[in-house]
Each structure stands twice: as C-alpha cells, then as structure tokens.
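Report on the following structure.
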2 protein chains.
Amino acid sequence: MPERTLRARGRARREALLRAALEVIGERGIGGTTHRAVAAAAGVPVATTTYYFGSIDELLEAALELYVEDEIARLEAVSAQVVDFAGSADEILVALAAELAGGDSSVAQFELYLEVSRRPALQPVVTRALSTYRALAEGLLRHVGHPEPARLAPYVVSLVDGMGVHQIALPVADREALIVEGLRALLDPWLSQARAEAAPSA
Amino acid sequence: MPERTLRARGRARREALLRAALEVIGERGIGGTTHRAVAAAAGVPVATTTYYFGSIDELLEAALELYVEDEIARLEAVSAQVVDFAGSADEILVALAAELAGGDSSVAQFELYLEVSRRPALQPVVTRALSTYRALAEGLLRHVGHPEPARLAPYVVSLVDGMGVHQIALPVADREALIVEGLRALLDPWLSQARAEAAPSA
DNA sequence: GAGGAAGTTGGACGTTTGTCCAGTCTTTAG
DNA sequence: CTAAAGACTGGACAAACGTCCAACTTCCTC
C-alpha cells in the first residue's frame, strides 16, 4: 500500500488507471481484470499499476468506488434535470426514462453487487450506492406527488436494476421504451388517478 | 473436446463436477472458477476435470446450462404448487413469495446474465432462462385473473431479479416480506380492485 | 543548483493457471 | 477369459499471473 503523497500529475495518472480498470471490468469482468490488462487499456507499463496500488484488490476496490461516485453524480444531475422539467407525472416519467436509458450499460454496477459477498471492503461502497439510489428515487416520487414515496422507492430501484441486468443479458433495441413501460406498470394505478384528477371529466 | 461415450458412472461424475463448479461460481465468481478449485470442491484430482471437459470454458458453460435447467424445474414446481393453492390473489402472492424466498441465493444466475456479453455460447441458455421465467410469470398472472398478464410478466421477472441482486449486495433479514411487498407494489391497483369485487360492501 | 521526494519502468521472481500425456485400472461385450 | 473402450490420475509443461526492486528521470523546494 504505497502511501506516498501524490502530486497533480500522479493523481491524474492514478485516476486514468481507475477508469481503464472500469473499462476492463466491463469487458472481462472483475475476475478477468489483471494488472496487465488494466495497464494495456491505460496505455502504460505494468509497473505503473503496482506503483499506484499496493495490490490488485486495492486497485479493483478503488475503481468500483470511483464508479459509484461517478454514477451517483450522474444520477443526481439527471434527477435535478428532471425536477426542473415542467409537466405531468407521466411526462416526467418519460423524461426520466430517456435519461436513464442514456447511460452506458453498467456492467460494473452489477459486478459490484455480486462482488460484495466476496469482498467485505466493498460493503460501504455498495451501501452508499444503494441508499443514494433509493433516496433519489424517493425524491422523484415525492416530487411528482406520489402518496407513498418512501415505501415505493426501493422497488423502483429494484425494477430499474432488474431491467438493467436483463438488458445486459438479452439486449432489446428500445431501452427507453422498456424503462417507460416498466415504470408505468409500477406506478400505473396512481398515474391513472393523477391523470383523472388533472382532467376532471363528467 | 472429449467426445467419448459416457457410461452411467461417467455421467454421474460429470454432473458432480458441474454441481461443484456451480458451488465455486457462487463463492468465487466465474472469473475465479478454475480447474483446481472445481476439482477440490468435487473432491477429485485435477485431471478429472480435463478428462470430462475439453476446456475450462466448456465446463463453465455446461455448468451454467445445468443451473438454468435446475432453476427452471424448481420454478415450474413452485408454479404448479402455487396454482394448486386455493385462495385470493393476494394469498396466492404470499404463497409464491414464500417459495421464491426459499431458494438459495442465486449468484450463479446473475453471473450468467453478465457473462453472456462475453460468451456468445451462453446466449441460447440465457434466452431459454428468461423466456421461461417470463412465461411462468405470465401463467401465474393469468391464473390469478390479472387483466394484462403478457404485458406485466417481464416486469414481474425484472422486479424479482432486481430484488434478488440487491439481496445479494445488501442482504435483509426477511427476504420473504420483501418479495411480498415488492410484488404487492407492482400489482397493487389491480389487487385492491380484485379485493373490492370479492367483498362488495356499501 | 543542489537535494530530496515523486514519478517511471524494464526486467525479474515465484505462483498459479490451463492443458496435456503416458500409463494404469475398471468395466463390458463377445 | 480376452480384448477393447471407458475411467482415471500423477506429474509435467508453457503461459499468464501478482508483485517487487533497482535504477533512472522529473519535478519541487530552499
């Protein structure tokens, strides 16, 4: 575990290695992520990876941590954007789905979920990820006026992740439509009710 | 690729190796599944694994195929059992959740989902798995009288798998209650309506 | 510009990996 | 009983692995 103080250049190179590691994780899985593969993806010699990380585990865990922070930042931006968007609950849902479908396929996310059971060091990372995702979902549900945001939020995240992992396993063309339909199914009863109240006929 | 004809004893040993491989996949992930680890789990010498499988990939793919067949058989049994169960839609849902929560944590299932993108040979396996799961879900929805079983079924599977992968990442004590609540959330509108019709008050 | 710390890397090390083979034992068909 | 094919395995091999180190360069500080 090299505990040297990093200068600006060093910090940049370290982060480049982490992003290269995330690429490799996506392509080969965590088990297939080696010093040499990461170094090749980053375009640096192998010894660079051991200069910045004391072990392959340290590298892997730091990479997944970076992934989660990036993903949280991305989702917070999406959330903020969607909240600014003026429209009915259903319109907001469509806008949200468009943003969610935009992200690159998040193999690393699911590799992380599975890896926690084998690496206790990852537990804080996954806890932070999941609780943030749920909090964001809860905020959005509350924003569109759902009556039980806290109860539903975890299932929204589960459904989205479930669709995500199925998308990786068996890709469908229109990812956005899939997410819209899935979320509609989960929010259907309440959406129809909201729609009825918005346009009171008869 | 040893294309020898297997005798009864050989077939049994081959299958024992596959089940040992599934154990290892659950514990170490696909990337960590080696000839030696599988052999150790099965209590046989290393050379046994190369006698029955031409390569580690062949072993891995056969193991995941066996997993899917086992899982399909299990879910078909669960489905049959639940269909036989007399009760309201909600009661059936609770019974289903109890059965679903019973299975051992299916790390292999998700390892499979992620591995398809790296091993085209697994595509038929994952296609068979997902379409069967969806068909079973559709059958159950139809059995309890849901008006749109075909539309909802894929999302039921996504939600269950999403909760499954979250359960692996961040285990909660009462898996059964989680599944019940999740399914209720997805079926809520329709469940309340069914309940209202069953007990017409006022 | 001198000294020290950070950055950098070729090359080496012991280990673990996938795979193979030669040889032995066991079962079955005739 | 014999012969052939299946079942089995100890030990070896090259390749890939994680890790380390000594030596060199670059950068910052005083």
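Chains: A, B, ... in order of the structure tokens. Residues: from 1 per chain. Ligands: from 1, in order shown.
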Got a sec to pull out which chain B residues are within 8 Å of chain A, counting only C-alpha atoms, and send them as a PDB file with N, CA and C atoms, in the first residue's frame?
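out.pdb written:
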ATOM      1  N   GLU B  27     -19.234 -18.963  -4.985  1.00  0.00           N
ATOM      2  CA  GLU B  27     -18.293 -18.478  -3.972  1.00  0.00           C
ATOM      3  C   GLU B  27     -17.254 -17.516  -4.531  1.00  0.00           C
ATOM      4  N   ARG B  28     -16.742 -17.822  -5.713  1.00  0.00           N
ATOM      5  CA  ARG B  28     -15.628 -17.038  -6.239  1.00  0.00           C
ATOM      6  C   ARG B  28     -15.950 -16.265  -7.510  1.00  0.00           C
ATOM      7  N   GLY B  29     -17.130 -16.493  -8.063  1.00  0.00           N
ATOM      8  CA  GLY B  29     -17.435 -15.859  -9.337  1.00  0.00           C
ATOM      9  C   GLY B  29     -16.888 -16.674 -10.489  1.00  0.00           C
ATOM     10  N   ILE B  30     -17.367 -16.383 -11.683  1.00  0.00           N
ATOM     11  CA  ILE B  30     -16.944 -17.132 -12.859  1.00  0.00           C
ATOM     12  C   ILE B  30     -15.453 -16.964 -13.093  1.00  0.00           C
ATOM     13  N   GLY B  31     -14.965 -15.752 -12.930  1.00  0.00           N
ATOM     14  CA  GLY B  31     -13.545 -15.496 -13.151  1.00  0.00           C
ATOM     15  C   GLY B  31     -12.644 -16.264 -12.207  1.00  0.00           C
ATOM     16  N   GLY B  32     -13.155 -16.552 -11.022  1.00  0.00           N
ATOM     17  CA  GLY B  32     -12.353 -17.260 -10.039  1.00  0.00           C
ATOM     18  C   GLY B  32     -12.528 -18.764 -10.080  1.00  0.00           C
ATOM     19  N   VAL B 107     -26.461 -16.477  -6.949  1.00  0.00           N
ATOM     20  CA  VAL B 107     -25.359 -15.723  -7.524  1.00  0.00           C
ATOM     21  C   VAL B 107     -25.091 -16.177  -8.958  1.00  0.00           C
ATOM     22  N   PHE B 110     -26.989 -14.451 -11.778  1.00  0.00           N
ATOM     23  CA  PHE B 110     -26.567 -13.113 -12.192  1.00  0.00           C
ATOM     24  C   PHE B 110     -25.197 -13.157 -12.853  1.00  0.00           C
ATOM     25  N   GLU B 111     -24.353 -14.061 -12.387  1.00  0.00           N
ATOM     26  CA  GLU B 111     -23.085 -14.257 -13.082  1.00  0.00           C
ATOM     27  C   GLU B 111     -23.380 -14.635 -14.535  1.00  0.00           C
ATOM     28  N   LEU B 112     -24.391 -15.449 -14.721  1.00  0.00           N
ATOM     29  CA  LEU B 112     -24.777 -15.844 -16.079  1.00  0.00           C
ATOM     30  C   LEU B 112     -25.232 -14.638 -16.890  1.00  0.00           C
ATOM     31  N   TYR B 113     -26.131 -13.835 -16.323  1.00  0.00           N
ATOM     32  CA  TYR B 113     -26.623 -12.652 -17.033  1.00  0.00           C
ATOM     33  C   TYR B 113     -25.457 -11.795 -17.527  1.00  0.00           C
ATOM     34  N   LEU B 114     -24.473 -11.604 -16.668  1.00  0.00           N
ATOM     35  CA  LEU B 114     -23.356 -10.726 -17.030  1.00  0.00           C
ATOM     36  C   LEU B 114     -22.393 -11.390 -18.010  1.00  0.00           C
ATOM     37  N   GLU B 115     -22.303 -12.705 -17.902  1.00  0.00           N
ATOM     38  CA  GLU B 115     -21.308 -13.412 -18.707  1.00  0.00           C
ATOM     39  C   GLU B 115     -21.713 -13.544 -20.166  1.00  0.00           C
ATOM     40  N   VAL B 116     -22.998 -13.459 -20.455  1.00  0.00           N
ATOM     41  CA  VAL B 116     -23.450 -13.622 -21.847  1.00  0.00           C
ATOM     42  C   VAL B 116     -22.758 -12.648 -22.774  1.00  0.00           C
ATOM     43  N   SER B 117     -22.577 -11.417 -22.306  1.00  0.00           N
ATOM     44  CA  SER B 117     -21.990 -10.415 -23.184  1.00  0.00           C
ATOM     45  C   SER B 117     -20.556 -10.779 -23.541  1.00  0.00           C
ATOM     46  N   ARG B 118     -19.955 -11.671 -22.777  1.00  0.00           N
ATOM     47  CA  ARG B 118     -18.570 -12.047 -23.049  1.00  0.00           C
ATOM     48  C   ARG B 118     -18.466 -13.426 -23.693  1.00  0.00           C
ATOM     49  N   GLN B 123     -25.668 -17.471 -25.027  1.00  0.00           N
ATOM     50  CA  GLN B 123     -26.885 -16.772 -25.411  1.00  0.00           C
ATOM     51  C   GLN B 123     -28.121 -17.676 -25.453  1.00  0.00           C
ATOM     52  N   VAL B 126     -29.309 -18.247 -21.819  1.00  0.00           N
ATOM     53  CA  VAL B 126     -29.951 -17.129 -21.144  1.00  0.00           C
ATOM     54  C   VAL B 126     -31.297 -16.817 -21.800  1.00  0.00           C
ATOM     55  N   THR B 127     -31.388 -17.023 -23.079  1.00  0.00           N
ATOM     56  CA  THR B 127     -32.671 -16.816 -23.759  1.00  0.00           C
ATOM     57  C   THR B 127     -33.710 -17.801 -23.238  1.00  0.00           C
ATOM     58  N   LEU B 152     -47.476  -7.457 -18.254  1.00  0.00           N
ATOM     59  CA  LEU B 152     -46.830  -7.255 -16.962  1.00  0.00           C
ATOM     60  C   LEU B 152     -45.718  -8.264 -16.666  1.00  0.00           C
ATOM     61  N   TYR B 155     -41.957  -7.472 -16.429  1.00  0.00           N
ATOM     62  CA  TYR B 155     -41.604  -6.560 -15.344  1.00  0.00           C
ATOM     63  C   TYR B 155     -41.644  -7.253 -13.996  1.00  0.00           C
ATOM     64  N   VAL B 157     -40.697 -10.318 -13.619  1.00  0.00           N
ATOM     65  CA  VAL B 157     -39.400 -11.004 -13.589  1.00  0.00           C
ATOM     66  C   VAL B 157     -38.278 -10.012 -13.293  1.00  0.00           C
ATOM     67  N   SER B 158     -38.330  -8.850 -13.934  1.00  0.00           N
ATOM     68  CA  SER B 158     -37.294  -7.836 -13.692  1.00  0.00           C
ATOM     69  C   SER B 158     -37.291  -7.412 -12.229  1.00  0.00           C
ATOM     70  N   LEU B 159     -38.474  -7.187 -11.692  1.00  0.00           N
ATOM     71  CA  LEU B 159     -38.544  -6.753 -10.295  1.00  0.00           C
ATOM     72  C   LEU B 159     -37.995  -7.824  -9.363  1.00  0.00           C
ATOM     73  N   VAL B 160     -38.399  -9.068  -9.597  1.00  0.00           N
ATOM     74  CA  VAL B 160     -37.923 -10.157  -8.733  1.00  0.00           C
ATOM     75  C   VAL B 160     -36.401 -10.296  -8.847  1.00  0.00           C
ATOM     76  N   ASP B 161     -35.886 -10.237 -10.075  1.00  0.00           N
ATOM     77  CA  ASP B 161     -34.437 -10.331 -10.243  1.00  0.00           C
ATOM     78  C   ASP B 161     -33.732  -9.117  -9.631  1.00  0.00           C
ATOM     79  N   GLY B 162     -34.330  -7.955  -9.793  1.00  0.00           N
ATOM     80  CA  GLY B 162     -33.740  -6.758  -9.192  1.00  0.00           C
ATOM     81  C   GLY B 162     -33.660  -6.889  -7.681  1.00  0.00           C
ATOM     82  N   MET B 163     -34.739  -7.353  -7.087  1.00  0.00           N
ATOM     83  CA  MET B 163     -34.712  -7.554  -5.630  1.00  0.00           C
ATOM     84  C   MET B 163     -33.697  -8.635  -5.276  1.00  0.00           C
ATOM     85  N   VAL B 165     -30.844  -9.390  -6.837  1.00  0.00           N
ATOM     86  CA  VAL B 165     -29.459  -8.926  -6.907  1.00  0.00           C
ATOM     87  C   VAL B 165     -29.180  -7.931  -5.770  1.00  0.00           C
ATOM     88  N   HIS B 166     -30.184  -7.166  -5.390  1.00  0.00           N
ATOM     89  CA  HIS B 166     -29.996  -6.259  -4.258  1.00  0.00           C
ATOM     90  C   HIS B 166     -29.860  -7.054  -2.960  1.00  0.00           C
ATOM     91  N   ILE B 168     -28.464  -9.921  -2.697  1.00  0.00           N
ATOM     92  CA  ILE B 168     -27.085 -10.418  -2.661  1.00  0.00           C
ATOM     93  C   ILE B 168     -26.138  -9.299  -2.221  1.00  0.00           C
ATOM     94  N   ALA B 169     -26.380  -8.102  -2.763  1.00  0.00           N
ATOM     95  CA  ALA B 169     -25.491  -6.977  -2.476  1.00  0.00           C
ATOM     96  C   ALA B 169     -25.635  -6.511  -1.034  1.00  0.00           C
ATOM     97  N   LEU B 170     -26.868  -6.462  -0.566  1.00  0.00           N
ATOM     98  CA  LEU B 170     -27.134  -5.887   0.754  1.00  0.00           C
ATOM     99  C   LEU B 170     -28.253  -6.693   1.403  1.00  0.00           C
ATOM    100  N   GLY B 182     -42.805  -6.082  -2.553  1.00  0.00           N
ATOM    101  CA  GLY B 182     -42.440  -5.657  -3.899  1.00  0.00           C
ATOM    102  C   GLY B 182     -43.502  -6.042  -4.910  1.00  0.00           C
ATOM    103  N   ALA B 185     -46.555  -4.012  -4.506  1.00  0.00           N
ATOM    104  CA  ALA B 185     -46.407  -2.671  -5.079  1.00  0.00           C
ATOM    105  C   ALA B 185     -46.698  -2.697  -6.575  1.00  0.00           C
ATOM    106  N   LEU B 186     -46.210  -3.739  -7.225  1.00  0.00           N
ATOM    107  CA  LEU B 186     -46.389  -3.827  -8.676  1.00  0.00           C
ATOM    108  C   LEU B 186     -47.833  -4.172  -9.050  1.00  0.00           C
ATOM    109  N   LEU B 187     -48.493  -4.931  -8.190  1.00  0.00           N
ATOM    110  CA  LEU B 187     -49.841  -5.410  -8.527  1.00  0.00           C
ATOM    111  C   LEU B 187     -50.917  -4.657  -7.762  1.00  0.00           C
ATOM    112  N   ASP B 188     -50.514  -3.674  -7.023  1.00  0.00           N
ATOM    113  CA  ASP B 188     -51.383  -3.016  -6.067  1.00  0.00           C
ATOM    114  C   ASP B 188     -52.746  -2.595  -6.631  1.00  0.00           C
ATOM    115  N   PRO B 189     -52.746  -1.819  -7.684  1.00  0.00           N
ATOM    116  CA  PRO B 189     -54.012  -1.262  -8.158  1.00  0.00           C
ATOM    117  C   PRO B 189     -54.991  -2.377  -8.428  1.00  0.00           C
ATOM    118  N   TRP B 190     -54.464  -3.377  -9.085  1.00  0.00           N
ATOM    119  CA  TRP B 190     -55.325  -4.442  -9.506  1.00  0.00           C
ATOM    120  C   TRP B 190     -55.741  -5.307  -8.309  1.00  0.00           C
TER     121      TRP B 190
END
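Proximity to Glu138 (chain B) at 8 Å, evaluated using only C-alpha atoms (C1' of nucleotides) and with sequence-adjacent residues fewer than 5 positions away removed, yields Pro149, Ala150, Leu152 and Ala153 of chain B.
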Those in region 50-183 of chain A with helix (DSSP H, G or I) from DSSP, as a ChimeraX atom specification: /A:50-52,56-84,89-102,107-115,120-143,149-169,175-183
Which residues, written as JSON, numbers by chain, have at least one atom at most 12 Å from DT19 (chain C), with only C-alpha atoms (C1' of nucleotides) counted and residues fewer than 2 positions away on the same chain left out? {"B": [1, 35, 46, 47, 49, 50, 51, 53, 54, 55, 56], "C": [17, 21], "D": [12, 13, 14, 15]}
Exercise: region 73-83 of chain B partners within 12 Å, only C-alpha atoms (C1' of nucleotides), chain neighbours under 3 positions left out, as a ChimeraX atom specification: /B:66-70,86-104,129,132-145
Chain C residues near chain A within 8 Å, closest pair each, using only C-alpha atoms (C1' of nucleotides), as a tab-separated table:
residue	atom	partner	partner_atom	distance
C:DA6	C1'	A:Leu6	CA	7.4
C:DG7	C1'	A:Gly10	CA	7.3
C:DT8	C1'	A:Thr48	CA	7.3
C:DT9	C1'	A:Ala47	CA	6.4
Taking only C-alpha atoms (C1' of nucleotides) into account, report as a PyMOL selection string which residues of chain D lie within 10 Å of chain B. chain D and resi 5-10
Name all residues at most 12 Å from DG3 (chain C) (count only C-alpha atoms (C1' of nucleotides); drop same-chain ones fewer than 6 positions away) and give them as a PyMOL selection string. chain D and resi 28-30
Written file, previous selection with N, CA and C atoms (P, O5', C5', C4', C3', O3' and C1' of nucleotides), as a short mmCIF file (atom, residue, chain, number, x, y, z; two decimals), in the first residue's frame:
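New file part_11.cif:
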data_model
loop_
_atom_site.label_atom_id
_atom_site.label_comp_id
_atom_site.auth_asym_id
_atom_site.auth_seq_id
_atom_site.Cartn_x
_atom_site.Cartn_y
_atom_site.Cartn_z
P DC D 28 6.31 20.79 -10.58
"O5'" DC D 28 6.87 21.08 -9.13
"C5'" DC D 28 6.38 20.31 -8.02
"C4'" DC D 28 7.29 20.50 -6.83
"C3'" DC D 28 7.36 21.95 -6.34
"O3'" DC D 28 6.91 21.98 -5.00
"C1'" DC D 28 9.54 20.96 -6.49
P DT D 29 6.83 23.37 -4.22
"O5'" DT D 29 8.17 23.40 -3.36
"C5'" DT D 29 8.55 22.22 -2.63
"C4'" DT D 29 9.79 22.48 -1.82
"C3'" DT D 29 9.88 23.90 -1.25
"O3'" DT D 29 10.32 23.82 0.10
"C1'" DT D 29 11.80 23.45 -2.56
P DC D 30 10.17 25.14 1.09
"O5'" DC D 30 11.68 25.57 1.32
"C5'" DC D 30 12.65 24.58 1.71
"C4'" DC D 30 14.03 25.09 1.34
"C3'" DC D 30 14.32 26.54 1.73
"O3'" DC D 30 15.37 26.57 2.70
"C1'" DC D 30 15.10 26.07 -0.48
#
How far is it from C1' of DG11 (chain C) to C1' of DC27 (chain D), in Å with one decimal? 25.7 Å
Just the residues within 12 Å of DT2 (chain D), please, counting only C-alpha atoms (C1' of nucleotides), with nothing from its chain fewer than 4 positions along; format it as number ranges by chain. C: 28-30
Selection file, C-alpha atoms (C1' of nucleotides), as a JSON list (two decimals), in the first residue's frame:
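What follows is the written file result.json:
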[["chain", "number", "residue", "atom", "x", "y", "z"],
["C", 28, "DT", "C1'", -18.30, -54.51, -20.61],
["C", 29, "DA", "C1'", -19.16, -57.25, -24.92],
["C", 30, "DG", "C1'", -18.20, -61.42, -27.19]]
Write out as a short mmCIF file (atom, residue, chain, number, x, y, z; two decimals) with C-alpha atoms (C1' of nucleotides), in the first residue's frame which residues come within 12 Å of DG14 (chain C) when counting only C-alpha atoms (C1' of nucleotides), dropping same-chain ones fewer than 5 positions away.
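Now in selection_5.cif:
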data_model
loop_
_atom_site.label_atom_id
_atom_site.label_comp_id
_atom_site.auth_asym_id
_atom_site.auth_seq_id
_atom_site.Cartn_x
_atom_site.Cartn_y
_atom_site.Cartn_z
"C1'" DC D 17 -0.33 -14.07 -13.18
"C1'" DG D 18 0.77 -10.64 -8.87
"C1'" DT D 19 4.41 -8.47 -7.04
"C1'" DC D 20 8.75 -6.45 -6.36
#
